[in-house]
Every structure is written in structure tokens, then in C-alpha cells.
Number of protein chains: 2
Amino acid sequence: MLKRVEYPGPISELVAQLRRMPGIGPRSAERIALWMNQSRDARPGEIARAILAAAEGIQPCVRCGFFSTGPVCEICSDTSRNGMLLCVVEQATDILPLERTGVYRGLYHALGGRIAPLDHVGPEELRIDELLQRVDVEKQEEVILALGADVEGEATANYLAELLAEKGLRVTRIAQGLPAGGGLESADELTLSRALAGRR
Amino acid sequence: MLKRVEYPGPISELVAQLRRMPGIGPRSAERIALWMNQSRDARPGEIARAILAAAEGIQPCVRCGFFSTGPVCEICSDTSRNGMLLCVVEQATDILPLERTGVYRGLYHALGGRIAPLDHVGPEELRIDELLQRVDVEKQEEVILALGADVEGEATANYLAELLAEKGLRVTRIAQGLPAGGGLESADELTLSRALAGRR
């Protein structure tokens with residue numbers, strides 16, 4: 001019986017850790033681990049340092065939930081923004097894509113997820129209480145719900161729309177329809193029916 | 001003029017560091033960085049620790065160049081292997097793929113690259129002197145050249161074959177031909193001509 005040779009422990013452990021990262025399969029993990037150990041310009045210490053610095057130096061903004069180095073993030077601290085406009089998103093990671101459009105200058109509120117009973121995520125798991133308190137204090141003119149266009153995103157948006165409308169707030173939702181550059185032939189039926197319903 | 005919002009410094013720096021890894025583009029790097037900062041089970045400290053442990057705990061085997069936690073690697077320390085058979089590879093990373101075939105039970109010697117004048121890699125940059133000294137001392141019966149099937153691999157193999165043959169050693173090369181599962185219609189002309197030349 002041959003003894004099977006494998007990479008020494010520290011490399012196997014590194015491969016296992018890298019595999020946990022999203023989008024990294026066993027082959028990529030092995031390739032990266034070997035690159036770290038073989039390439040002259042890999043400088044693994046710098047990578048490890050950057051991971052630790054981000055893990056230790058970043059916290060969610062207490063107000064909107066965006067990534068921040070201090071208690072309040074860059075967006076919430078920017079007094080030139082329109083505080084009367086609030087955009088509700090599922091995750092903090094949804095904020096930057098909206099920012100990059102360059103067309104929105106209000107504030108944000110990240111819920112930290114969406115209502116998903118099958119995954120045991122109810123309203124109390126999300127930052128919904130904080131949202132309701134926030135609109136009471138900040139008295140926004142409009143709340144834009146920018147949630148996912150799937151069943152759970154829709155359900156969460158419906159739930160929030162009702163609560164916010166009770167407070168007399170103007171509640172809008174981002175449009176659903178054809179993606180830019182997309183032809184009708186590549187759109188599914190649900191997208192098309194929503195594009196039709198949302199015509200203007 | 002709007003101030004462009006970006007991720008806070010530690011996250012941007014982490015994205016930049018992750019992008020240096022092979023096969024990781026800007027989108028994957030951002031996705032991984034955000035996962036590290038958002039996911040409950042990311043445990044970035046463990047990943048950083050594994051990177052540092054591999055960087056500090058792994059050294060090339062003084063004999064063959066394979067990854068090792070001590071001066072001499074697991075393969076070279078295994079007295080049940082056939083020391084009369086030596087397989088020369090370009091990189092330490094080429095050793096495990098050969099091991100995984102399960103058909104080779106000799107020892108290895110990683111050159112650390114191949115002769116590539118255009119990249120300023122001459123024979124003196126590689127572990128060729130060590131190879132020649134090794135065969136003098138260990139007196140192998142056969143040296144198998146398992147180098148790449150490209151121009152530089154061929155040139156390196158020719159160079160080594162001459163030096164080793166002068167010492168009266170039996171020198172062989174791994175075969176070139178159709179890859180397993182490959183049909184003739186998908187093979188290029190060079191592969192086919194080599195498969196023809198290597199018929200047996």
C-alpha cells in the first residue's frame with residue numbers, strides 16, 4: 001500500500017481556508033496557495049495584513065449600515081446630501097452599486113437581509129425597527145424601496161410599504177423591466193409582464 | 001461636483017491585495033472582500049492565520065525542492081521509494097500531479113524553472129548544478145525528464161539530456177501525444193505529429 005503524498009499541513013490548511021471564499025473552487029484555491037508559497041512577488045504577509053486590517057478596522061455605520069471606519073459612515077456624514085430622501089436596500093453591499101449610478105444623492109438604510117421565512121429570517125432579524133425610528137426622527141419626504149426583484153424582495157417591500165405608508169410617508173419602489181442592452185427575445189415572461197405593467 | 005463614495009480604505013486595500021492573486025479579477029476580489037466583512041462564517045482571522053502559517057512554515061526541500069515543513073521533504077525521507085529513479089520537473093508544483101498518477105515511486109528534482117533566454121533565465125539560474133552533483137552522489141539508474149511540451153521545456157530537456165548522457169546515465173523523456181479522452185479532430189498538428197513520431 002503506497003502512502004499518498006500530499007502538500008505539507010500548512011499548505012493543505014491554507015488551501016482549505018481559501019476554498020471557503022466565495023467563487024473559489026479546489027483548483028483555484030490550490031493555485032493561489034502555491035502562488036503564495038512560490039512566487040517572488042506574492043508577499044503573503046501583505047495579503048494577511050490587509051485581511052486583518054479590514055476585519056478589525058471596519059464596522060457597520062450605526063445609522064445606515066454601510067461599511068465604515070468610524071461609528072458613522074462617509075455617506076451619512078456628508079452634509080451636502082439630501083436627508084429628505086431615504087433609499088432602503090437589503091445589504092450594505094447594495095449601496096455602492098446605487099452610488100455608482102451617480103443619480104442618487106439621498107441617504108441609505110441597509111436592512112441586513114430580507115424577510116425569508118424558509119431561512120428563518122423574520123422582520124425582527126432585520127433593521128426594520130431602526131428604519132421606523134429613523135423616519136420618525138428624520139422625517140423624510142420619500143422612502144425608496146430598492147429591494148431585490150425576487151419573491152422575498154417583493155414580500156419585504158410589501159411589508160415595509162405598508163408600515164411606512166401608515167406613517168404618511170411617500171413610498172416608491174425602483175422599477176422592474178428590461179435590463180439596459182437587453183432585447184425582448186432574451187427577457188423572461190415575468191420581466192416582460194413587469195416591464196409592460198410599469199410602462200409610462 | 002459630487003464626491004465619489006468608495007469603500008473605506010481598509011476594504012479598498014483588501015480588494016487591491018486580493019486582486020494580486022492569480023485568477024482573481026476585480027469583481028471576484030470585491031466579492032471576497034465584502035464576504036470577509038459581512039458573512040458571519042467568513043472568519044477572516046483564520047484565513048489570515050493560514051496564510052501566515054504557510055508563508056512561515058514552508059520551505060523548499062534542500063534535496064528535491066518540493067514543499068516541506070523541515071529541511072528534507074516527505075518524499076525524500078520515504079525510504080520505501082526507489083532512489084535509483086529520478087524524475088526532473090520544472091517546478092515543485094509539478095511533483096504532486098505526477099504523484100497523483102500513483103504509477104511513479106522514484107524521487108524528484110525540481111529545477112525551479114526552465115531555460116528561457118527571453119526571460120533572462122539561463123542554466124545558472126536553475127538547480128542544474130545541484131542535479132548534476134546529485135546524480136554523481138546518488139548514482140541513479142535512470143533520469144526521467146518530465147518538462148513542459150513547449151519550446152522552452154524542450155530546449156531545457158535537450159540541454160539536460162546531453163549533460164546527463166555524458167555521465168553515462170540512462171535518460172528518458174515523458175511521452176507527448178494525444179491527451180486522454182482527446183479525439184484526433186481536436187488535436188493540433190504539432191501534437192498529432194508528435195503522437196505519430198512516438199507511436200509504439
# chains A, B, ... in the order shown; residues from 1 in each chain; ligands from 1
>>> residues_around(residues="region 189-198 of chain A", least_positions_apart="6", cutoff="10 Å", atoms="only C-alpha atoms", output="ChimeraX atom specification")
/A:149,175-179
>>> write_last_selection(atoms="C-alpha atoms", output="compact mmCIF listing (two decimals), in the first residue's frame")
# COMPACT_ATOMS: atom_id res chain seq x y z
CA ALA A 149 -36.88 41.69 -7.75
CA ALA A 175 -38.71 49.99 -11.48
CA GLN A 176 -38.64 46.47 -12.84
CA GLY A 177 -38.33 45.95 -16.56
CA LEU A 178 -35.88 45.24 -19.37
CA PRO A 179 -32.23 45.48 -18.30
>>> residues_around(residues="region 132-145 of chain B", least_positions_apart="5", cutoff="7 Å", atoms="only C-alpha atoms", output="ChimeraX atom specification")
/B:83-89,157,169-174
>>> write_last_selection(atoms="all heavy atoms", output="compact mmCIF listing (two decimals), in the first residue's frame")
# COMPACT_ATOMS: atom_id res chain seq x y z
N GLY B 83 15.19 4.94 -4.97
CA GLY B 83 16.16 6.02 -5.11
C GLY B 83 16.98 5.95 -6.39
O GLY B 83 17.75 6.85 -6.69
N MET B 84 16.82 4.87 -7.15
CA MET B 84 17.57 4.73 -8.41
C MET B 84 16.88 5.44 -9.58
O MET B 84 17.40 5.46 -10.68
CB MET B 84 17.73 3.24 -8.75
CG MET B 84 18.65 2.50 -7.79
SD MET B 84 20.37 3.12 -7.88
CE MET B 84 20.40 4.27 -6.49
N LEU B 85 15.69 5.96 -9.31
CA LEU B 85 14.89 6.59 -10.34
C LEU B 85 14.69 8.06 -9.96
O LEU B 85 14.23 8.35 -8.87
CB LEU B 85 13.54 5.87 -10.37
CG LEU B 85 12.76 5.75 -11.67
CD1 LEU B 85 13.63 5.20 -12.79
CD2 LEU B 85 11.57 4.83 -11.42
N LEU B 86 15.07 8.96 -10.87
CA LEU B 86 14.94 10.38 -10.56
C LEU B 86 14.13 11.07 -11.66
O LEU B 86 14.44 10.91 -12.85
CB LEU B 86 16.33 11.03 -10.46
CG LEU B 86 16.36 12.48 -9.97
CD1 LEU B 86 15.88 12.58 -8.52
CD2 LEU B 86 17.77 13.06 -10.08
N CYS B 87 13.12 11.79 -11.25
CA CYS B 87 12.26 12.49 -12.22
C CYS B 87 12.51 13.99 -12.09
O CYS B 87 12.31 14.57 -11.03
CB CYS B 87 10.79 12.16 -11.92
SG CYS B 87 9.66 12.96 -13.07
N VAL B 88 12.96 14.61 -13.20
CA VAL B 88 13.28 16.04 -13.18
C VAL B 88 12.07 16.83 -13.68
O VAL B 88 11.54 16.54 -14.76
CB VAL B 88 14.50 16.33 -14.07
CG1 VAL B 88 14.81 17.83 -14.09
CG2 VAL B 88 15.70 15.54 -13.58
N VAL B 89 11.61 17.79 -12.88
CA VAL B 89 10.48 18.63 -13.26
C VAL B 89 10.90 20.09 -13.22
O VAL B 89 11.94 20.43 -12.65
CB VAL B 89 9.27 18.41 -12.32
CG1 VAL B 89 8.73 17.01 -12.46
CG2 VAL B 89 9.65 18.72 -10.88
N ALA B 157 15.11 20.32 -21.79
CA ALA B 157 15.26 18.86 -21.79
C ALA B 157 16.47 18.45 -22.65
O ALA B 157 17.27 17.59 -22.24
CB ALA B 157 13.98 18.20 -22.31
N LEU B 169 24.44 8.15 -17.87
CA LEU B 169 23.14 7.83 -17.28
C LEU B 169 22.12 7.49 -18.37
O LEU B 169 22.18 8.02 -19.47
CB LEU B 169 22.61 9.05 -16.52
CG LEU B 169 23.14 9.26 -15.12
CD1 LEU B 169 22.95 10.71 -14.72
CD2 LEU B 169 22.39 8.35 -14.16
N ARG B 170 21.16 6.65 -18.01
CA ARG B 170 20.04 6.42 -18.91
C ARG B 170 19.05 7.59 -18.75
O ARG B 170 18.55 7.84 -17.65
CB ARG B 170 19.36 5.09 -18.52
CG ARG B 170 18.24 4.75 -19.45
CD ARG B 170 17.73 3.33 -19.24
NE ARG B 170 16.56 3.16 -20.08
CZ ARG B 170 15.39 2.70 -19.66
NH1 ARG B 170 15.26 2.29 -18.42
NH2 ARG B 170 14.39 2.61 -20.49
N VAL B 171 18.80 8.32 -19.82
CA VAL B 171 17.93 9.49 -19.77
C VAL B 171 16.69 9.24 -20.63
O VAL B 171 16.82 8.87 -21.80
CB VAL B 171 18.66 10.76 -20.27
CG1 VAL B 171 17.74 11.98 -20.17
CG2 VAL B 171 19.93 10.99 -19.48
N THR B 172 15.52 9.39 -20.06
CA THR B 172 14.28 9.24 -20.84
C THR B 172 13.44 10.51 -20.72
O THR B 172 13.70 11.35 -19.86
CB THR B 172 13.42 8.06 -20.33
OG1 THR B 172 13.15 8.28 -18.94
CG2 THR B 172 14.14 6.73 -20.49
N ARG B 173 12.45 10.63 -21.63
CA ARG B 173 11.54 11.78 -21.54
C ARG B 173 10.11 11.26 -21.51
O ARG B 173 9.81 10.26 -22.16
CB ARG B 173 11.68 12.68 -22.76
CG ARG B 173 13.05 13.28 -22.86
CD ARG B 173 13.07 14.36 -23.91
NE ARG B 173 14.44 14.61 -24.29
CZ ARG B 173 14.83 15.53 -25.15
NH1 ARG B 173 13.92 16.28 -25.74
NH2 ARG B 173 16.09 15.70 -25.43
N ILE B 174 9.23 11.97 -20.81
CA ILE B 174 7.83 11.55 -20.83
C ILE B 174 7.28 11.75 -22.24
O ILE B 174 7.75 12.62 -22.98
CB ILE B 174 6.97 12.30 -19.78
CG1 ILE B 174 7.05 13.82 -19.97
CG2 ILE B 174 7.41 11.91 -18.38
CD1 ILE B 174 6.02 14.56 -19.13
>>> calpha_fit_and_write(fixed="chain A", moving="chain B", output="compact mmCIF listing (two decimals) with C-alpha atoms, in the first residue's frame")
# COMPACT_ATOMS: atom_id res chain seq x y z
CA MET B 1 0.40 0.01 -0.27
CA LEU B 2 1.88 3.33 -1.41
CA LYS B 3 1.80 6.23 0.98
CA ARG B 4 0.00 9.03 -0.79
CA VAL B 5 2.07 12.21 -0.93
CA GLU B 6 0.20 15.42 -0.36
CA TYR B 7 1.21 19.00 0.26
CA PRO B 8 2.59 19.59 3.77
CA GLY B 9 0.05 20.52 6.46
CA PRO B 10 0.34 24.33 6.30
CA ILE B 11 -0.32 24.33 2.53
CA SER B 12 -3.27 21.90 2.78
CA GLU B 13 -4.75 24.04 5.55
CA LEU B 14 -4.26 27.18 3.44
CA VAL B 15 -5.99 25.51 0.47
CA ALA B 16 -8.89 24.53 2.76
CA GLN B 17 -9.20 28.11 4.06
CA LEU B 18 -9.03 29.65 0.58
CA ARG B 19 -11.72 27.25 -0.66
CA ARG B 20 -14.16 28.75 1.84
CA MET B 21 -14.05 32.06 -0.06
CA PRO B 22 -16.94 32.64 -2.48
CA GLY B 23 -16.22 31.65 -6.08
CA ILE B 24 -13.01 29.80 -5.21
CA GLY B 25 -13.05 26.11 -6.16
CA PRO B 26 -10.46 23.46 -5.27
CA ARG B 27 -8.26 24.20 -8.29
CA SER B 28 -8.22 27.97 -7.78
CA ALA B 29 -7.50 27.50 -4.08
CA GLU B 30 -4.55 25.25 -4.83
CA ARG B 31 -3.28 27.63 -7.50
CA ILE B 32 -3.45 30.62 -5.14
CA ALA B 33 -1.84 28.71 -2.25
CA LEU B 34 1.07 27.60 -4.43
CA TRP B 35 1.43 31.08 -5.88
CA MET B 36 1.67 32.49 -2.34
CA ASN B 37 4.43 30.01 -1.55
CA GLN B 38 6.32 30.18 -4.83
CA SER B 39 5.99 33.55 -6.43
CA ARG B 40 8.59 36.14 -5.57
CA ASP B 41 6.07 38.94 -5.66
CA ALA B 42 3.25 37.19 -3.80
CA ARG B 43 4.12 38.88 -0.49
CA PRO B 44 1.61 36.80 1.52
CA GLY B 45 2.29 38.86 4.65
CA GLU B 46 0.75 41.90 2.97
CA ILE B 47 -2.35 39.95 2.01
CA ALA B 48 -2.76 38.57 5.54
CA ARG B 49 -2.25 42.03 6.99
CA ALA B 50 -4.90 43.53 4.69
CA ILE B 51 -7.40 40.82 5.72
CA LEU B 52 -6.81 41.50 9.41
CA ALA B 53 -6.88 45.30 8.98
CA ALA B 54 -10.24 45.10 7.20
CA ALA B 55 -11.64 42.65 9.76
CA GLU B 56 -10.59 44.84 12.68
CA GLY B 57 -10.95 48.31 11.19
CA ILE B 58 -14.38 48.10 9.59
CA GLN B 59 -17.74 48.32 11.38
CA PRO B 60 -21.29 48.89 10.13
CA CYS B 61 -22.39 52.53 10.25
CA VAL B 62 -24.76 52.85 13.24
CA ARG B 63 -27.15 54.89 11.12
CA CYS B 64 -27.36 53.21 7.70
CA GLY B 65 -25.33 50.02 8.03
CA PHE B 66 -22.76 50.86 5.31
CA PHE B 67 -19.12 49.87 5.84
CA SER B 68 -17.35 52.42 7.98
CA THR B 69 -14.08 53.02 9.79
CA GLY B 70 -15.88 55.05 12.47
CA PRO B 71 -19.33 54.91 14.08
CA VAL B 72 -20.94 56.98 11.28
CA CYS B 73 -20.05 56.34 7.63
CA GLU B 74 -18.84 58.67 4.90
CA ILE B 75 -22.29 58.87 3.30
CA CYS B 76 -24.20 59.69 6.50
CA SER B 77 -21.54 62.27 7.46
CA ASP B 78 -21.83 64.10 4.12
CA THR B 79 -23.95 67.17 4.90
CA SER B 80 -24.27 68.03 1.20
CA ARG B 81 -26.55 65.04 0.65
CA ASN B 82 -30.33 65.24 0.58
CA GLY B 83 -31.47 63.96 3.98
CA MET B 84 -35.13 64.08 2.91
CA LEU B 85 -34.61 61.10 0.62
CA LEU B 86 -34.01 57.64 2.05
CA CYS B 87 -33.22 54.56 -0.01
CA VAL B 88 -33.83 51.20 1.69
CA VAL B 89 -31.66 48.29 0.52
CA GLU B 90 -31.27 44.71 1.67
CA GLN B 91 -27.53 44.65 2.22
CA ALA B 92 -24.77 47.19 2.84
CA THR B 93 -23.20 45.82 -0.33
CA ASP B 94 -26.17 47.13 -2.35
CA ILE B 95 -25.29 50.74 -1.52
CA LEU B 96 -22.18 51.20 -3.65
CA PRO B 97 -23.80 49.91 -6.89
CA LEU B 98 -26.50 52.57 -6.40
CA GLU B 99 -23.89 55.23 -5.61
CA ARG B 100 -22.02 54.37 -8.78
CA THR B 101 -25.02 55.30 -10.89
CA GLY B 102 -24.28 58.90 -9.84
CA VAL B 103 -28.00 59.80 -9.93
CA TYR B 104 -28.91 59.40 -6.26
CA ARG B 105 -27.89 61.93 -3.63
CA GLY B 106 -30.05 60.92 -0.65
CA LEU B 107 -29.22 58.67 2.29
CA TYR B 108 -29.47 54.89 2.69
CA HIS B 109 -30.72 52.30 5.12
CA ALA B 110 -29.50 48.71 4.87
CA LEU B 111 -31.87 46.16 6.40
CA GLY B 112 -29.27 43.43 6.73
CA GLY B 113 -31.33 41.00 4.64
CA ARG B 114 -34.93 40.41 3.62
CA ILE B 115 -37.89 38.65 5.18
CA ALA B 116 -37.46 34.96 4.34
CA PRO B 117 -39.59 32.66 6.49
CA LEU B 118 -38.02 29.55 4.95
CA ASP B 119 -34.60 30.72 6.20
CA HIS B 120 -36.11 31.74 9.56
CA VAL B 121 -35.55 35.43 8.86
CA GLY B 122 -38.47 37.43 10.23
CA PRO B 123 -38.89 41.23 10.43
CA GLU B 124 -37.36 41.26 13.93
CA GLU B 125 -34.07 39.91 12.51
CA LEU B 126 -33.77 42.93 10.23
CA ARG B 127 -33.10 46.59 10.93
CA ILE B 128 -36.77 47.49 10.44
CA ASP B 129 -37.39 48.99 13.90
CA GLU B 130 -34.36 51.22 13.32
CA LEU B 131 -35.84 52.24 9.96
CA LEU B 132 -39.19 53.18 11.50
CA GLN B 133 -37.52 55.16 14.30
CA ARG B 134 -35.29 56.84 11.75
CA VAL B 135 -38.12 58.13 9.59
CA ASP B 136 -39.93 59.36 12.73
CA VAL B 137 -36.90 61.41 13.73
CA GLU B 138 -35.55 62.44 10.33
CA LYS B 139 -38.96 62.98 8.71
CA GLN B 140 -38.01 62.08 5.15
CA GLU B 141 -40.13 63.22 2.23
CA GLU B 142 -39.72 60.00 0.31
CA VAL B 143 -38.58 56.47 1.02
CA ILE B 144 -37.37 54.49 -2.01
CA LEU B 145 -37.52 50.72 -1.63
CA ALA B 146 -34.63 49.27 -3.64
CA LEU B 147 -35.04 45.61 -2.79
CA GLY B 148 -34.46 42.53 -4.92
CA ALA B 149 -36.91 41.67 -7.71
CA ASP B 150 -37.49 38.15 -6.36
CA VAL B 151 -40.32 36.76 -4.20
CA GLU B 152 -38.67 37.57 -0.89
CA GLY B 153 -37.60 41.04 -1.98
CA GLU B 154 -41.16 41.75 -3.11
CA ALA B 155 -42.65 40.43 0.15
CA THR B 156 -40.26 42.57 2.18
CA ALA B 157 -41.06 45.62 0.06
CA ASN B 158 -44.81 45.05 0.52
CA TYR B 159 -44.38 44.68 4.26
CA LEU B 160 -42.32 47.88 4.54
CA ALA B 161 -44.54 49.86 2.15
CA GLU B 162 -47.53 49.26 4.40
CA LEU B 163 -45.71 50.26 7.61
CA LEU B 164 -44.22 53.38 6.03
CA ALA B 165 -47.45 54.42 4.31
CA GLU B 166 -49.21 54.32 7.72
CA LYS B 167 -46.83 57.08 8.78
CA GLY B 168 -47.98 59.18 5.85
CA LEU B 169 -44.66 58.86 4.02
CA ARG B 170 -44.34 58.85 0.26
CA VAL B 171 -43.08 55.35 -0.58
CA THR B 172 -41.75 54.41 -4.03
CA ARG B 173 -40.11 51.31 -5.49
CA ILE B 174 -37.37 51.06 -8.10
CA ALA B 175 -38.67 49.96 -11.47
CA GLN B 176 -38.59 46.44 -12.83
CA GLY B 177 -38.27 45.85 -16.55
CA LEU B 178 -35.81 45.14 -19.32
CA PRO B 179 -32.16 45.36 -18.28
CA ALA B 180 -30.11 47.89 -20.28
CA GLY B 181 -28.87 46.32 -23.50
CA GLY B 182 -31.25 43.39 -23.12
CA GLY B 183 -33.39 42.45 -26.09
CA LEU B 184 -36.98 41.25 -25.74
CA GLU B 185 -36.05 37.81 -27.00
CA SER B 186 -33.72 37.20 -24.04
CA ALA B 187 -36.14 38.46 -21.35
CA ASP B 188 -38.22 35.94 -19.38
CA GLU B 189 -42.01 36.23 -19.19
CA LEU B 190 -42.09 37.69 -15.69
CA THR B 191 -39.62 40.45 -16.60
CA LEU B 192 -41.65 41.26 -19.74
CA SER B 193 -44.96 41.30 -17.88
CA ARG B 194 -43.45 43.67 -15.29
CA ALA B 195 -41.92 45.82 -18.02
CA LEU B 196 -45.39 46.05 -19.59
CA ALA B 197 -47.08 46.82 -16.26
CA GLY B 198 -44.48 49.52 -15.51
CA ARG B 199 -44.77 51.26 -18.90
CA ARG B 200 -44.91 55.03 -18.86
>>> select_by_dssp(residues="region 7-159 of chain A", states="alpha helix (DSSP H)", output="count of residues only")
68
>>> select_by_dssp(residues="region 108-198 of chain A", states="strand (DSSP E)", output="list of chain:residue names")
A:Tyr108, A:His109, A:Ala110, A:Glu142, A:Val143, A:Ile144, A:Leu145, A:Ala146, A:Arg170, A:Val171, A:Thr172, A:Arg173
>>> write_last_selection(atoms="N, CA and C atoms", output="PDB file, in the first residue's frame")
ATOM      1  N   TYR A 108     -29.131  56.311   2.816  1.00  0.00           N
ATOM      2  CA  TYR A 108     -29.462  54.889   2.665  1.00  0.00           C
ATOM      3  C   TYR A 108     -29.845  54.274   3.998  1.00  0.00           C
ATOM      4  N   HIS A 109     -30.468  53.102   3.903  1.00  0.00           N
ATOM      5  CA  HIS A 109     -30.701  52.274   5.090  1.00  0.00           C
ATOM      6  C   HIS A 109     -30.617  50.808   4.669  1.00  0.00           C
ATOM      7  N   ALA A 110     -29.617  50.121   5.166  1.00  0.00           N
ATOM      8  CA  ALA A 110     -29.456  48.700   4.832  1.00  0.00           C
ATOM      9  C   ALA A 110     -30.161  47.850   5.883  1.00  0.00           C
ATOM     10  N   GLU A 142     -39.525  61.126   1.186  1.00  0.00           N
ATOM     11  CA  GLU A 142     -39.765  59.951   0.347  1.00  0.00           C
ATOM     12  C   GLU A 142     -38.845  58.817   0.779  1.00  0.00           C
ATOM     13  N   VAL A 143     -39.405  57.611   0.808  1.00  0.00           N
ATOM     14  CA  VAL A 143     -38.589  56.427   1.052  1.00  0.00           C
ATOM     15  C   VAL A 143     -38.645  55.563  -0.197  1.00  0.00           C
ATOM     16  N   ILE A 144     -37.475  55.288  -0.773  1.00  0.00           N
ATOM     17  CA  ILE A 144     -37.404  54.463  -1.982  1.00  0.00           C
ATOM     18  C   ILE A 144     -37.039  53.046  -1.570  1.00  0.00           C
ATOM     19  N   LEU A 145     -37.839  52.071  -1.937  1.00  0.00           N
ATOM     20  CA  LEU A 145     -37.513  50.683  -1.622  1.00  0.00           C
ATOM     21  C   LEU A 145     -36.747  50.098  -2.804  1.00  0.00           C
ATOM     22  N   ALA A 146     -35.464  49.825  -2.583  1.00  0.00           N
ATOM     23  CA  ALA A 146     -34.624  49.276  -3.654  1.00  0.00           C
ATOM     24  C   ALA A 146     -34.226  47.852  -3.260  1.00  0.00           C
ATOM     25  N   ARG A 170     -44.314  59.111   1.717  1.00  0.00           N
ATOM     26  CA  ARG A 170     -44.373  58.758   0.311  1.00  0.00           C
ATOM     27  C   ARG A 170     -43.406  57.598   0.078  1.00  0.00           C
ATOM     28  N   VAL A 171     -43.932  56.462  -0.345  1.00  0.00           N
ATOM     29  CA  VAL A 171     -43.099  55.266  -0.540  1.00  0.00           C
ATOM     30  C   VAL A 171     -43.088  54.907  -2.020  1.00  0.00           C
ATOM     31  N   THR A 172     -41.894  54.770  -2.607  1.00  0.00           N
ATOM     32  CA  THR A 172     -41.790  54.366  -4.015  1.00  0.00           C
ATOM     33  C   THR A 172     -40.920  53.112  -4.105  1.00  0.00           C
ATOM     34  N   ARG A 173     -41.000  52.455  -5.253  1.00  0.00           N
ATOM     35  CA  ARG A 173     -40.138  51.285  -5.472  1.00  0.00           C
ATOM     36  C   ARG A 173     -39.361  51.471  -6.760  1.00  0.00           C
TER      37      ARG A 173
END
>>> decode(residues="region 59-79 of chain B", atoms="N, CA, C and O atoms", output="compact mmCIF listing (two decimals), in the first residue's frame")
# COMPACT_ATOMS: atom_id res chain seq x y z
N GLN B 59 9.21 25.52 3.54
CA GLN B 59 10.47 25.82 2.86
C GLN B 59 10.67 24.78 1.77
O GLN B 59 10.10 23.71 1.82
N PRO B 60 11.49 25.09 0.75
CA PRO B 60 11.76 24.07 -0.26
C PRO B 60 12.69 22.99 0.31
O PRO B 60 13.63 23.31 1.02
N CYS B 61 12.38 21.75 0.00
CA CYS B 61 13.25 20.63 0.41
C CYS B 61 14.65 20.87 -0.16
O CYS B 61 14.80 21.19 -1.34
N VAL B 62 15.67 20.73 0.67
CA VAL B 62 17.05 21.03 0.21
C VAL B 62 17.47 20.05 -0.88
O VAL B 62 18.36 20.35 -1.68
N ARG B 63 16.81 18.88 -0.92
CA ARG B 63 17.25 17.87 -1.87
C ARG B 63 16.51 18.01 -3.20
O ARG B 63 17.13 18.14 -4.26
N CYS B 64 15.17 18.01 -3.16
CA CYS B 64 14.40 17.97 -4.41
C CYS B 64 13.66 19.27 -4.72
O CYS B 64 13.21 19.48 -5.83
N GLY B 65 13.49 20.12 -3.71
CA GLY B 65 12.80 21.38 -3.96
C GLY B 65 11.31 21.36 -3.69
O GLY B 65 10.64 22.38 -3.81
N PHE B 66 10.75 20.19 -3.30
CA PHE B 66 9.32 20.10 -3.00
C PHE B 66 9.01 20.88 -1.71
O PHE B 66 9.90 21.15 -0.91
N PHE B 67 7.75 21.23 -1.53
CA PHE B 67 7.33 21.96 -0.33
C PHE B 67 7.54 21.09 0.90
O PHE B 67 7.19 19.92 0.91
N SER B 68 8.09 21.69 1.95
CA SER B 68 8.43 20.90 3.12
C SER B 68 8.33 21.73 4.39
O SER B 68 8.54 22.94 4.37
N THR B 69 7.98 21.05 5.49
CA THR B 69 7.97 21.76 6.77
C THR B 69 9.33 21.66 7.45
O THR B 69 9.62 22.40 8.38
N GLY B 70 10.18 20.75 7.00
CA GLY B 70 11.52 20.62 7.54
C GLY B 70 12.53 20.73 6.41
O GLY B 70 12.17 21.00 5.28
N PRO B 71 13.83 20.52 6.70
CA PRO B 71 14.83 20.66 5.63
C PRO B 71 14.62 19.64 4.50
O PRO B 71 14.80 19.98 3.33
N VAL B 72 14.23 18.40 4.86
CA VAL B 72 14.05 17.37 3.83
C VAL B 72 12.57 16.98 3.78
O VAL B 72 11.93 16.78 4.82
N CYS B 73 12.02 16.85 2.57
CA CYS B 73 10.57 16.68 2.44
C CYS B 73 10.13 15.23 2.68
O CYS B 73 10.95 14.32 2.79
N GLU B 74 8.83 15.06 2.72
CA GLU B 74 8.20 13.77 2.94
C GLU B 74 8.62 12.73 1.89
O GLU B 74 8.85 11.56 2.21
N ILE B 75 8.75 13.18 0.64
CA ILE B 75 9.08 12.24 -0.43
C ILE B 75 10.52 11.77 -0.29
O ILE B 75 10.81 10.57 -0.31
N CYS B 76 11.44 12.73 -0.09
CA CYS B 76 12.86 12.37 0.02
C CYS B 76 13.14 11.55 1.29
O CYS B 76 14.11 10.80 1.35
N SER B 77 12.30 11.73 2.32
CA SER B 77 12.52 11.00 3.58
C SER B 77 11.94 9.59 3.53
O SER B 77 12.19 8.79 4.44
N ASP B 78 11.18 9.27 2.49
CA ASP B 78 10.48 7.98 2.43
C ASP B 78 11.44 6.92 1.88
O ASP B 78 11.72 6.86 0.69
N THR B 79 11.94 6.06 2.80
CA THR B 79 12.97 5.10 2.41
C THR B 79 12.41 3.96 1.57
O THR B 79 13.16 3.19 0.99
